[in-house]
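Engineer: Mind having a look at this structure? Questions to follow.
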Amino acid sequence: MANKTIRTHFTDKELDCSCGCEKTVAPELLVCVEALRALLDKPLTVTSGARCEKHNRAIGGARHSWHLNGLAVDIACPDSNLRIDIIRNAGKLGFNGIGIAKTFIHLDLRPESEKVCFLYD
Ligand SMILES: [Zn+2]
């Protein structure tokens with residue numbers, strides 16, 4: 001279950017591991033995703049939040065995925081206006097990992113020293 005001490009616009013279903021286990025995102029990640037939503041003033045849909053090892057393997061996630069420690073989210077990106085808005089602002093909010101895919105943007109809280117922006121195939 002997601003940490004409800006933080007007011008969130010996101011559902012447990014969005015944030016928790018979708019295999020049905022108890023794993024959820026870290027509070028600091030939730031704070032940053034809420035800050036992004038507030039800054040953009042737009043609803044955002046999380047398509048992948050926390051993942052356990054088993055689920056991450058099942059969906060072919062990266063072996064050392066930041067989703068595993070609850071420090072990453074994928075946000076649905078159906079149009080390029082939203083894509084630009086997210087890319088422009090995510091770095092300012094502490095998202096040091098930004099991955100751009102056709103239908104979503106991956107954001108994670110890796111350390112500043114490992115800052116990266118990458119494209120999915
Ligand atoms: Zn799981």
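We label chains A, B, ... in the order they appear in the structure tokens, count residues from 1 in each chain, and number ligands from 1 in the order shown.
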Where does chain A meet ligand 1 within 9 Å, residue by residue, with the nearest atom pair and distance in Å to one decimal for each, counting only C-alpha atoms and all ligand atoms, listed by chain and rising number, as CSV?
Structural biologist:
```
residue,atom,partner,partner_atom_place_in_ligand_line,distance
A:Asp16,CA,ligand 1,1 (Zn),8.0
A:Cys17,CA,ligand 1,1 (Zn),4.6
A:Ser18,CA,ligand 1,1 (Zn),6.1
A:Cys19,CA,ligand 1,1 (Zn),4.4
A:Gly20,CA,ligand 1,1 (Zn),5.7
A:Cys21,CA,ligand 1,1 (Zn),4.3
A:Glu22,CA,ligand 1,1 (Zn),6.8
A:Lys23,CA,ligand 1,1 (Zn),6.1
A:Thr24,CA,ligand 1,1 (Zn),8.9
A:Ala50,CA,ligand 1,1 (Zn),7.9
A:Arg51,CA,ligand 1,1 (Zn),5.4
A:Cys52,CA,ligand 1,1 (Zn),4.2
A:Glu53,CA,ligand 1,1 (Zn),7.1
A:Lys54,CA,ligand 1,1 (Zn),6.4
A:His55,CA,ligand 1,1 (Zn),5.2
A:Asn56,CA,ligand 1,1 (Zn),7.9
```
Engineer: Could you take the residues named above and write them with C-alpha atoms, as a PDB file, in the first residue's frame?
Structural biologist:
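Result written to selection37.pdb:
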```pdb
ATOM      1  CA  ASP A  16       2.324  -0.350  -6.038  1.00  0.00           C
ATOM      2  CA  CYS A  17       3.937  -3.320  -7.770  1.00  0.00           C
ATOM      3  CA  SER A  18       1.309  -4.632 -10.166  1.00  0.00           C
ATOM      4  CA  CYS A  19       1.950  -8.306  -9.314  1.00  0.00           C
ATOM      5  CA  GLY A  20      -0.126  -7.793  -6.168  1.00  0.00           C
ATOM      6  CA  CYS A  21       2.752  -7.887  -3.684  1.00  0.00           C
ATOM      7  CA  GLU A  22       3.142  -5.221  -0.993  1.00  0.00           C
ATOM      8  CA  LYS A  23       5.935  -3.271  -2.662  1.00  0.00           C
ATOM      9  CA  THR A  24       5.316   0.444  -3.183  1.00  0.00           C
ATOM     10  CA  ALA A  50       7.403   0.086  -7.699  1.00  0.00           C
ATOM     11  CA  ARG A  51       8.384  -3.405  -8.859  1.00  0.00           C
ATOM     12  CA  CYS A  52       9.548  -6.458  -6.981  1.00  0.00           C
ATOM     13  CA  GLU A  53      12.412  -8.503  -8.486  1.00  0.00           C
ATOM     14  CA  LYS A  54      10.039 -11.167  -9.744  1.00  0.00           C
ATOM     15  CA  HIS A  55       7.650  -8.769 -11.478  1.00  0.00           C
ATOM     16  CA  ASN A  56      10.521  -6.733 -12.927  1.00  0.00           C
TER      17      ASN A  56
END
```
Engineer: Quick one: residues within 12 Å of Asp79 in chain A, only C-alpha atoms, excluding same-chain residues fewer than 3 positions away - as a list of chain:residue names?
Structural biologist: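 Counting only the stated atoms, we get A:Ile75, A:Ala76, A:Leu82, A:Arg83, A:Ile84, A:Asp85, A:Ile86, A:Ala101, A:Lys102, A:Thr103, A:Phe104, A:Ile105.
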Engineer: Compare A:Ser80, A:Pro27, A:Glu14, A:Leu36 by their minimum atom-to-atom distance to Gly49 in chain A, counting only C-alpha atoms, and give me the closest one.
Structural biologist: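 Looking only at the distances to Gly49 in chain A, the closest residue turns out to be A:Glu14.
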Engineer: Could you list, as a list in words, every residue within 6 Å of Gly70 in chain A, counting only C-alpha atoms and ignoring same-chain residues fewer than 3 positions away?
Structural biologist: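 Once the adjacent positions are removed, what remains is Val25, Ala26, Ala50 and His67 of chain A.
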Engineer: Among chain A, which residues carry a DSSP assignment of helix (DSSP H, G or I), reported as a ChimeraX atom specification?
Structural biologist: /A:12-15,27-40,53-58,66-69,80-93,112-114
Engineer: Just list the residues in chain A DSSP gives strand (DSSP E) on the backbone, as a PyMOL selection string.
Structural biologist: chain A and resi 46-48+72-76+97-100+104-108+116-119
Engineer: Pick from A:Lys42, A:Phe95, A:His9, A:Ala90: nearest to Leu71 in chain A, with only C-alpha atoms counted?
Structural biologist: A:Phe95
Engineer: From the set A:Ala62, A:Leu93, A:Ala72, A:Asn81, which residue has the shortest atom-to-atom contact distance to Tyr120 in chain A, counting only C-alpha atoms?
Structural biologist: A:Ala62
Engineer: Calculate how many Å separate CA of Val33 in chain A from CA of Leu68 in chain A, rounding to one decimal.
Structural biologist: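 Interatomic distance here is 16.8 Å.
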Engineer: Compile the contact shell of Thr8 in chain A as an MDAnalysis selection string: residues with an atom at most 12 Å away, counting only C-alpha atoms, same-chain residues fewer than 3 positions apart removed.
Structural biologist: chainID A and resid 2:5 11:12 14:15 27 29:38 43:44
Engineer: What does the file look like for those residues with N, CA and C atoms, as a CSV table (one decimal), in the first residue's frame?
Structural biologist:
```csv
chain,number,residue,atom,x,y,z
A,2,ALA,N,0.5,2.2,-0.8
A,2,ALA,CA,1.2,3.5,-0.8
A,2,ALA,C,1.2,4.2,0.5
A,3,ASN,N,2.2,5.0,0.8
A,3,ASN,CA,2.2,5.7,2.0
A,3,ASN,C,1.2,6.9,2.1
A,4,LYS,N,0.2,6.7,2.8
A,4,LYS,CA,-0.9,7.7,2.8
A,4,LYS,C,-0.7,8.9,3.7
A,5,THR,N,0.5,8.9,4.3
A,5,THR,CA,0.8,10.1,5.1
A,5,THR,C,1.0,11.3,4.2
A,11,THR,N,-3.2,6.6,-7.4
A,11,THR,CA,-3.8,5.5,-6.7
A,11,THR,C,-2.8,4.4,-6.3
A,12,ASP,N,-3.1,3.6,-5.3
A,12,ASP,CA,-2.2,2.5,-5.0
A,12,ASP,C,-2.0,1.6,-6.2
A,14,GLU,N,-1.7,2.5,-9.2
A,14,GLU,CA,-0.6,3.1,-10.1
A,14,GLU,C,0.8,2.9,-9.4
A,15,LEU,N,0.8,3.1,-8.1
A,15,LEU,CA,2.1,3.2,-7.4
A,15,LEU,C,2.7,1.8,-7.0
A,27,PRO,N,8.7,7.3,-0.3
A,27,PRO,CA,8.0,8.6,0.0
A,27,PRO,C,8.7,9.7,-0.8
A,29,LEU,N,10.0,9.7,-3.7
A,29,LEU,CA,9.6,9.6,-5.1
A,29,LEU,C,8.2,10.2,-5.2
A,30,LEU,N,7.3,9.8,-4.3
A,30,LEU,CA,5.9,10.3,-4.3
A,30,LEU,C,5.9,11.9,-4.2
A,31,VAL,N,6.7,12.4,-3.3
A,31,VAL,CA,6.8,13.9,-3.2
A,31,VAL,C,7.2,14.5,-4.5
A,32,CYS,N,8.2,13.9,-5.2
A,32,CYS,CA,8.7,14.5,-6.5
A,32,CYS,C,7.6,14.4,-7.6
A,33,VAL,N,6.9,13.3,-7.6
A,33,VAL,CA,5.9,13.1,-8.7
A,33,VAL,C,4.7,14.0,-8.4
A,34,GLU,N,4.3,14.2,-7.1
A,34,GLU,CA,3.3,15.2,-6.8
A,34,GLU,C,3.7,16.6,-7.1
A,35,ALA,N,5.0,16.9,-6.9
A,35,ALA,CA,5.5,18.2,-7.2
A,35,ALA,C,5.5,18.5,-8.7
A,36,LEU,N,5.7,17.4,-9.5
A,36,LEU,CA,5.7,17.6,-11.0
A,36,LEU,C,4.2,17.8,-11.4
A,37,ARG,N,3.3,17.1,-10.8
A,37,ARG,CA,1.9,17.2,-11.2
A,37,ARG,C,1.4,18.7,-10.8
A,38,ALA,N,1.9,19.2,-9.7
A,38,ALA,CA,1.5,20.5,-9.2
A,38,ALA,C,2.1,21.6,-10.2
A,43,PRO,N,-3.4,16.4,-14.8
A,43,PRO,CA,-3.4,15.1,-14.3
A,43,PRO,C,-2.3,14.2,-15.0
A,44,LEU,N,-1.7,13.4,-14.2
A,44,LEU,CA,-0.7,12.5,-14.8
A,44,LEU,C,-1.1,11.1,-14.4
```
Engineer: I'd like the interatomic distance between CA of Val73 in chain A and CA of Phe10 in chain A, to a tenth of an Å.
Structural biologist: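 Separation between CA of Val73 in chain A and CA of Phe10 in chain A: 11.5 Å.
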Engineer: Could you tell me how far CA of Leu109 in chain A sits from CA of Ile87 in chain A, in Å to one decimal place?
Structural biologist: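 We find that CA of Ile87 in chain A and CA of Leu109 in chain A lie 14.2 Å from each other.
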Engineer: Given the choices A:Asn69, A:Leu39, A:Arg63, A:Cys77, which gets closest to Asp108 in chain A if the distance is worked out from only C-alpha atoms?
Structural biologist: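 Ranked by minimum distance to Asp108 in chain A, first place goes to A:Asn69.
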